[in-house]
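K.L.:
Pasting upload.pdb below, which is PDB, C-alpha atoms.
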MODEL        1
ATOM      1  CA  MET J   1      49.951  85.946  18.010  1.00  0.00           C
ATOM      2  CA  ASN J   2      53.080  86.414  20.078  1.00  0.00           C
ATOM      3  CA  LYS J   3      53.268  88.512  23.241  1.00  0.00           C
ATOM      4  CA  THR J   4      55.420  91.221  21.650  1.00  0.00           C
ATOM      5  CA  ARG J   5      52.811  91.842  18.961  1.00  0.00           C
ATOM      6  CA  ARG J   6      50.023  91.861  21.574  1.00  0.00           C
ATOM      7  CA  LEU J   7      51.906  94.413  23.660  1.00  0.00           C
ATOM      8  CA  LEU J   8      52.556  96.598  20.619  1.00  0.00           C
ATOM      9  CA  ILE J   9      48.854  96.558  19.625  1.00  0.00           C
ATOM     10  CA  PHE J  10      47.858  97.317  23.220  1.00  0.00           C
ATOM     11  CA  CYS J  11      50.278 100.260  23.605  1.00  0.00           C
ATOM     12  CA  ILE J  12      49.426 101.752  20.207  1.00  0.00           C
ATOM     13  CA  SER J  13      45.717 101.516  21.042  1.00  0.00           C
ATOM     14  CA  MET J  14      46.233 103.264  24.390  1.00  0.00           C
ATOM     15  CA  LEU J  15      48.176 106.059  22.726  1.00  0.00           C
ATOM     16  CA  THR J  16      45.577 106.279  19.956  1.00  0.00           C
ATOM     17  CA  ALA J  17      42.872 106.841  22.578  1.00  0.00           C
ATOM     18  CA  PHE J  18      44.962 109.560  24.238  1.00  0.00           C
ATOM     19  CA  VAL J  19      45.540 111.380  20.940  1.00  0.00           C
ATOM     20  CA  PHE J  20      41.929 110.869  19.798  1.00  0.00           C
ATOM     21  CA  TRP J  21      40.333 112.372  22.924  1.00  0.00           C
ATOM     22  CA  ARG J  22      42.828 115.223  23.137  1.00  0.00           C
ATOM     23  CA  LEU J  23      42.111 116.129  19.504  1.00  0.00           C
ATOM     24  CA  ILE J  24      38.357 115.967  20.106  1.00  0.00           C
ATOM     25  CA  VAL J  25      38.673 118.382  23.023  1.00  0.00           C
ATOM     26  CA  VAL J  26      40.825 120.792  21.001  1.00  0.00           C
ATOM     27  CA  LEU J  27      38.627 120.629  17.894  1.00  0.00           C
ATOM     28  CA  LYS J  28      35.315 120.917  19.753  1.00  0.00           C
ATOM     29  CA  LYS J  29      36.594 123.863  21.831  1.00  0.00           C
ATOM     30  CA  GLY J  30      34.442 123.100  24.845  1.00  0.00           C
ATOM     31  CA  GLU J  31      31.226 122.258  23.021  1.00  0.00           C
ATOM     32  CA  ILE J  32      28.804 120.016  24.854  1.00  0.00           C
ATOM     33  CA  SER J  33      28.853 116.463  23.509  1.00  0.00           C
ATOM     34  CA  PHE J  34      25.912 115.015  21.632  1.00  0.00           C
ATOM     35  CA  LEU J  35      24.998 112.468  24.350  1.00  0.00           C
ATOM     36  CA  ARG J  36      25.347 114.992  27.146  1.00  0.00           C
ATOM     37  CA  GLU J  37      23.116 117.431  25.287  1.00  0.00           C
ATOM     38  CA  ILE J  38      20.412 114.815  24.646  1.00  0.00           C
ATOM     39  CA  THR J  39      20.429 113.024  28.006  1.00  0.00           C
ATOM     40  CA  GLY J  40      21.628 115.721  30.385  1.00  0.00           C
ATOM     41  CA  LEU J  41      24.025 113.138  31.857  1.00  0.00           C
ATOM     42  CA  ASN J  42      27.665 113.945  32.496  1.00  0.00           C
ATOM     43  CA  PHE J  43      29.310 111.778  29.819  1.00  0.00           C
ATOM     44  CA  HIS J  44      33.101 111.883  29.587  1.00  0.00           C
ATOM     45  CA  HIS J  45      35.542 109.825  27.599  1.00  0.00           C
ATOM     46  CA  TYR J  46      36.427 107.733  30.637  1.00  0.00           C
ATOM     47  CA  THR J  47      32.771 106.678  30.691  1.00  0.00           C
ATOM     48  CA  TYR J  48      33.123 105.393  27.153  1.00  0.00           C
ATOM     49  CA  GLY J  49      36.435 103.809  28.145  1.00  0.00           C
ATOM     50  CA  ILE J  50      34.821 101.797  30.929  1.00  0.00           C
ATOM     51  CA  LEU J  51      32.148 100.498  28.548  1.00  0.00           C
ATOM     52  CA  ILE J  52      34.817  99.564  25.987  1.00  0.00           C
ATOM     53  CA  ILE J  53      36.845  97.800  28.701  1.00  0.00           C
ATOM     54  CA  PHE J  54      33.727  95.844  29.702  1.00  0.00           C
ATOM     55  CA  ILE J  55      33.142  94.666  26.133  1.00  0.00           C
ATOM     56  CA  ALA J  56      36.818  93.799  25.641  1.00  0.00           C
ATOM     57  CA  SER J  57      36.822  91.878  28.940  1.00  0.00           C
ATOM     58  CA  LEU J  58      33.860  89.793  27.829  1.00  0.00           C
ATOM     59  CA  ILE J  59      35.644  88.978  24.581  1.00  0.00           C
ATOM     60  CA  PHE J  60      38.750  87.978  26.578  1.00  0.00           C
ATOM     61  CA  ILE J  61      36.704  85.799  28.925  1.00  0.00           C
ATOM     62  CA  PHE J  62      34.475  84.069  26.426  1.00  0.00           C
ATOM     63  CA  HIS J  63      36.408  84.121  23.191  1.00  0.00           C
ATOM     64  CA  LYS J  64      40.132  84.718  23.029  1.00  0.00           C
ATOM     65  CA  PRO J  65      42.665  87.503  23.089  1.00  0.00           C
ATOM     66  CA  GLU J  66      43.087  88.551  19.482  1.00  0.00           C
ATOM     67  CA  LYS J  67      44.208  91.780  17.884  1.00  0.00           C
ATOM     68  CA  TYR J  68      40.721  93.344  17.983  1.00  0.00           C
ATOM     69  CA  SER J  69      40.006  92.539  21.616  1.00  0.00           C
ATOM     70  CA  ILE J  70      43.510  93.655  22.620  1.00  0.00           C
ATOM     71  CA  ALA J  71      43.046  96.902  20.671  1.00  0.00           C
ATOM     72  CA  LEU J  72      39.643  97.449  22.336  1.00  0.00           C
ATOM     73  CA  MET J  73      41.158  96.910  25.772  1.00  0.00           C
ATOM     74  CA  GLY J  74      43.999  99.327  25.009  1.00  0.00           C
ATOM     75  CA  PHE J  75      41.634 101.985  23.650  1.00  0.00           C
ATOM     76  CA  GLY J  76      39.287 101.584  26.614  1.00  0.00           C
ATOM     77  CA  LEU J  77      42.073 101.845  29.166  1.00  0.00           C
ATOM     78  CA  GLY J  78      43.654 104.744  27.284  1.00  0.00           C
ATOM     79  CA  SER J  79      40.310 106.562  27.299  1.00  0.00           C
ATOM     80  CA  SER J  80      39.784 105.942  31.004  1.00  0.00           C
ATOM     81  CA  PHE J  81      43.313 106.811  32.095  1.00  0.00           C
ATOM     82  CA  ASP J  82      43.338 109.994  29.989  1.00  0.00           C
ATOM     83  CA  GLY J  83      40.365 111.239  32.006  1.00  0.00           C
ATOM     84  CA  LEU J  84      41.605 109.893  35.340  1.00  0.00           C
ATOM     85  CA  ILE J  85      44.161 112.547  36.264  1.00  0.00           C
ATOM     86  CA  SER J  86      41.940 115.480  35.326  1.00  0.00           C
ATOM     87  CA  ARG J  87      39.154 113.875  37.354  1.00  0.00           C
ATOM     88  CA  LEU J  88      41.440 113.559  40.376  1.00  0.00           C
ATOM     89  CA  PHE J  89      42.171 117.296  40.211  1.00  0.00           C
ATOM     90  CA  SER J  90      38.540 118.315  39.662  1.00  0.00           C
ATOM     91  CA  GLU J  91      37.021 120.351  42.448  1.00  0.00           C
ATOM     92  CA  SER J  92      33.972 118.897  44.121  1.00  0.00           C
ATOM     93  CA  ILE J  93      31.945 119.193  47.269  1.00  0.00           C
ATOM     94  CA  ARG J  94      31.872 115.922  49.200  1.00  0.00           C
ATOM     95  CA  THR J  95      28.333 116.315  50.497  1.00  0.00           C
ATOM     96  CA  ILE J  96      27.029 116.762  46.936  1.00  0.00           C
ATOM     97  CA  GLU J  97      29.051 113.721  45.837  1.00  0.00           C
ATOM     98  CA  ILE J  98      27.389 111.597  48.538  1.00  0.00           C
ATOM     99  CA  ILE J  99      23.920 112.907  47.658  1.00  0.00           C
ATOM    100  CA  ASN J 100      24.501 112.059  43.985  1.00  0.00           C
ATOM    101  CA  TYR J 101      25.952 108.680  44.919  1.00  0.00           C
ATOM    102  CA  ASN J 102      22.876 107.838  46.988  1.00  0.00           C
ATOM    103  CA  LYS J 103      20.485 109.119  44.292  1.00  0.00           C
ATOM    104  CA  ALA J 104      22.197 106.801  41.813  1.00  0.00           C
ATOM    105  CA  PHE J 105      21.397 103.634  43.796  1.00  0.00           C
ATOM    106  CA  THR J 106      18.419 102.455  41.717  1.00  0.00           C
ATOM    107  CA  PRO J 107      19.989 103.284  38.326  1.00  0.00           C
ATOM    108  CA  THR J 108      23.143 101.494  39.480  1.00  0.00           C
ATOM    109  CA  ILE J 109      21.121  98.380  40.311  1.00  0.00           C
ATOM    110  CA  PHE J 110      19.654  98.498  36.788  1.00  0.00           C
ATOM    111  CA  LEU J 111      23.131  98.971  35.317  1.00  0.00           C
ATOM    112  CA  PHE J 112      24.424  95.901  37.140  1.00  0.00           C
ATOM    113  CA  ILE J 113      21.425  93.869  35.966  1.00  0.00           C
ATOM    114  CA  ILE J 114      22.095  94.945  32.377  1.00  0.00           C
ATOM    115  CA  LEU J 115      25.828  94.178  32.676  1.00  0.00           C
ATOM    116  CA  ILE J 116      25.100  90.723  34.074  1.00  0.00           C
ATOM    117  CA  MET J 117      22.570  90.075  31.306  1.00  0.00           C
ATOM    118  CA  VAL J 118      25.096  91.163  28.659  1.00  0.00           C
ATOM    119  CA  SER J 119      27.688  88.891  30.280  1.00  0.00           C
ATOM    120  CA  TRP J 120      25.305  85.932  30.038  1.00  0.00           C
ATOM    121  CA  PHE J 121      24.517  86.914  26.449  1.00  0.00           C
ATOM    122  CA  PHE J 122      28.249  86.768  25.614  1.00  0.00           C
ATOM    123  CA  TYR J 123      28.470  83.449  27.434  1.00  0.00           C
ATOM    124  CA  PHE J 124      25.786  81.925  25.209  1.00  0.00           C
ATOM    125  CA  ILE J 125      27.187  83.456  22.028  1.00  0.00           C
ATOM    126  CA  PHE J 126      30.714  82.173  22.594  1.00  0.00           C
ATOM    127  CA  LYS J 127      29.735  78.935  24.313  1.00  0.00           C
ATOM    128  CA  ASN J 128      31.053  75.915  22.463  1.00  0.00           C
ATOM    129  CA  PRO J 129      28.155  73.423  22.459  1.00  0.00           C
ATOM    130  CA  PHE J 130      30.546  70.506  21.871  1.00  0.00           C
ATOM    131  CA  LYS J 131      32.746  71.210  24.904  1.00  0.00           C
ATOM    132  CA  THR J 132      31.958  69.350  28.122  1.00  0.00           C
ATOM    133  CA  THR J 133      33.608  71.678  30.660  1.00  0.00           C
TER
ENDMDL
END
How does the structure come out when it is put into structure tokens?

P.N.:
Amino acid sequence: MNKTRRLLIFCISMLTAFVFWRLIVVLKKGEISFLREITGLNFHHYTYGILIIFIASLIFIFHKPEKYSIALMGFGLGSSFDGLISRLFSESIRTIEIINYNKAFTPTIFLFIILIMVSWFFYFIFKNPFKTT
């Protein structure tokens, strides 16, 4: 696939994410999301975007850039960047941020362990057993 087509897929996917999340917010009219309601965690679309970017990155690293992985990367980045500006303008109290950051240490360690395990899983899935590199 040529670079022009890759760029087009990437840009369309980013814009699709922007439109998708904006429509969800308008249609839901401030309702609490399903995952937030069940877990009590503060899920936002940039959270989903980061997870999508992670998956797309693993596909890029261990497989190849193809239309699906490029579209995933675009959608993930579009999701994250759509939430970025509003997050920058959100009011917060720094001391509470630091308390929450410190409370999240152990769960963050577990997250990194899971991410590393998933990375190794992708490595073994996409590993070519006949390659000697």

K.L.:
Considering only C-alpha atoms, can you say which of J:Phe34, J:Phe62, J:Ile12, J:Lys3 comes closest to Phe121 of chain J?

P.N.:
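Going through J:Phe34, J:Phe62, J:Ile12, J:Lys3 one by one, the smallest distance to Phe121 of chain J is for J:Phe62.
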
K.L.:
Taking (39.7, 99.1, 23.0) in the file's own coordinates, collect the residues within 7 Å, counting all atoms listed in the file, and hand them back as a PyMOL selection string.

P.N.:
chain J and resi 13+52-53+56+69-76

K.L.:
Work out how far apart atom CA of Arg6 of chain J and atom CA of Pro65 of chain J are and give it in Å to one decimal.

P.N.:
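That distance, rounded to one decimal, is 8.7 Å.
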
K.L.:
Do you know which residues are at most 12 Å from Leu35 of chain J counting all atoms listed in the file, after dropping those on the same chain fewer than 6 positions away, and could you put them as a list of chain:residue names?

P.N.:
J:Leu41, J:Asn42, J:Phe43, J:His44, J:His45, J:Thr47, J:Tyr48

K.L.:
Calculated over all atoms listed in the file, which of the candidates J:Tyr68, J:Tyr46, J:Trp120, J:Phe112 has the smallest distance to Ile9 of chain J?

P.N.:
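The closest residue to Ile9 of chain J is J:Tyr68.
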
K.L.:
Between atom CA of Ala17 of chain J and atom CA of Asp82 of chain J, what is the distance in Å, rounded to a tenth?

P.N.:
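So the answer is 8.1 Å.
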
K.L.:
With 3 Å on each side, where is the centre of the axis-aligned box around all listed atoms of segment 33-38 of chain J, and how long are its edges in Å to one decimal, as lines of an AutoDock Vina configuration file?

P.N.:
center_x = 24.6
center_y = 114.9
center_z = 24.4
size_x = 14.4
size_y = 11.0
size_z = 11.5

K.L.:
Which residue gives the smallest distance to Thr16 of chain J among J:Phe105, J:Glu66, J:Gly78, J:Glu91, with only C-alpha atoms counted?

P.N.:
J:Gly78

K.L.:
Of the candidates J:Ser80, J:Asn102, J:Ser119, J:Thr4, which shows the shortest atom-to-atom distance to Ile61 of chain J, using all atoms listed in the file?

P.N.:
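Result for the nearest residue to Ile61 of chain J: J:Ser119.
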
K.L.:
Let me make sure I understand: among J:Ile96, J:Pro107, J:Ser79, J:Ile113, which one has the smallest atom-to-atom distance to Arg22 of chain J if we use only C-alpha atoms?

P.N.:
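Closest residue, counting only C-alpha atoms: J:Ser79.
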
K.L.:
Please, what distance in Å, to one decimal, runs between atom CA of Ile99 of chain J and atom CA of Glu37 of chain J?

P.N.:
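Answer for the atom CA of Ile99 of chain J to atom CA of Glu37 of chain J separation: 22.8 Å.
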
K.L.:
My list of candidates is J:Leu27, J:Val118, J:Ile38, J:Ile93. Which is closest to Ser57 of chain J when distances are computed with only C-alpha atoms?

P.N.:
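Ranking J:Leu27, J:Val118, J:Ile38, J:Ile93 by distance to Ser57 of chain J, first place goes to J:Val118.
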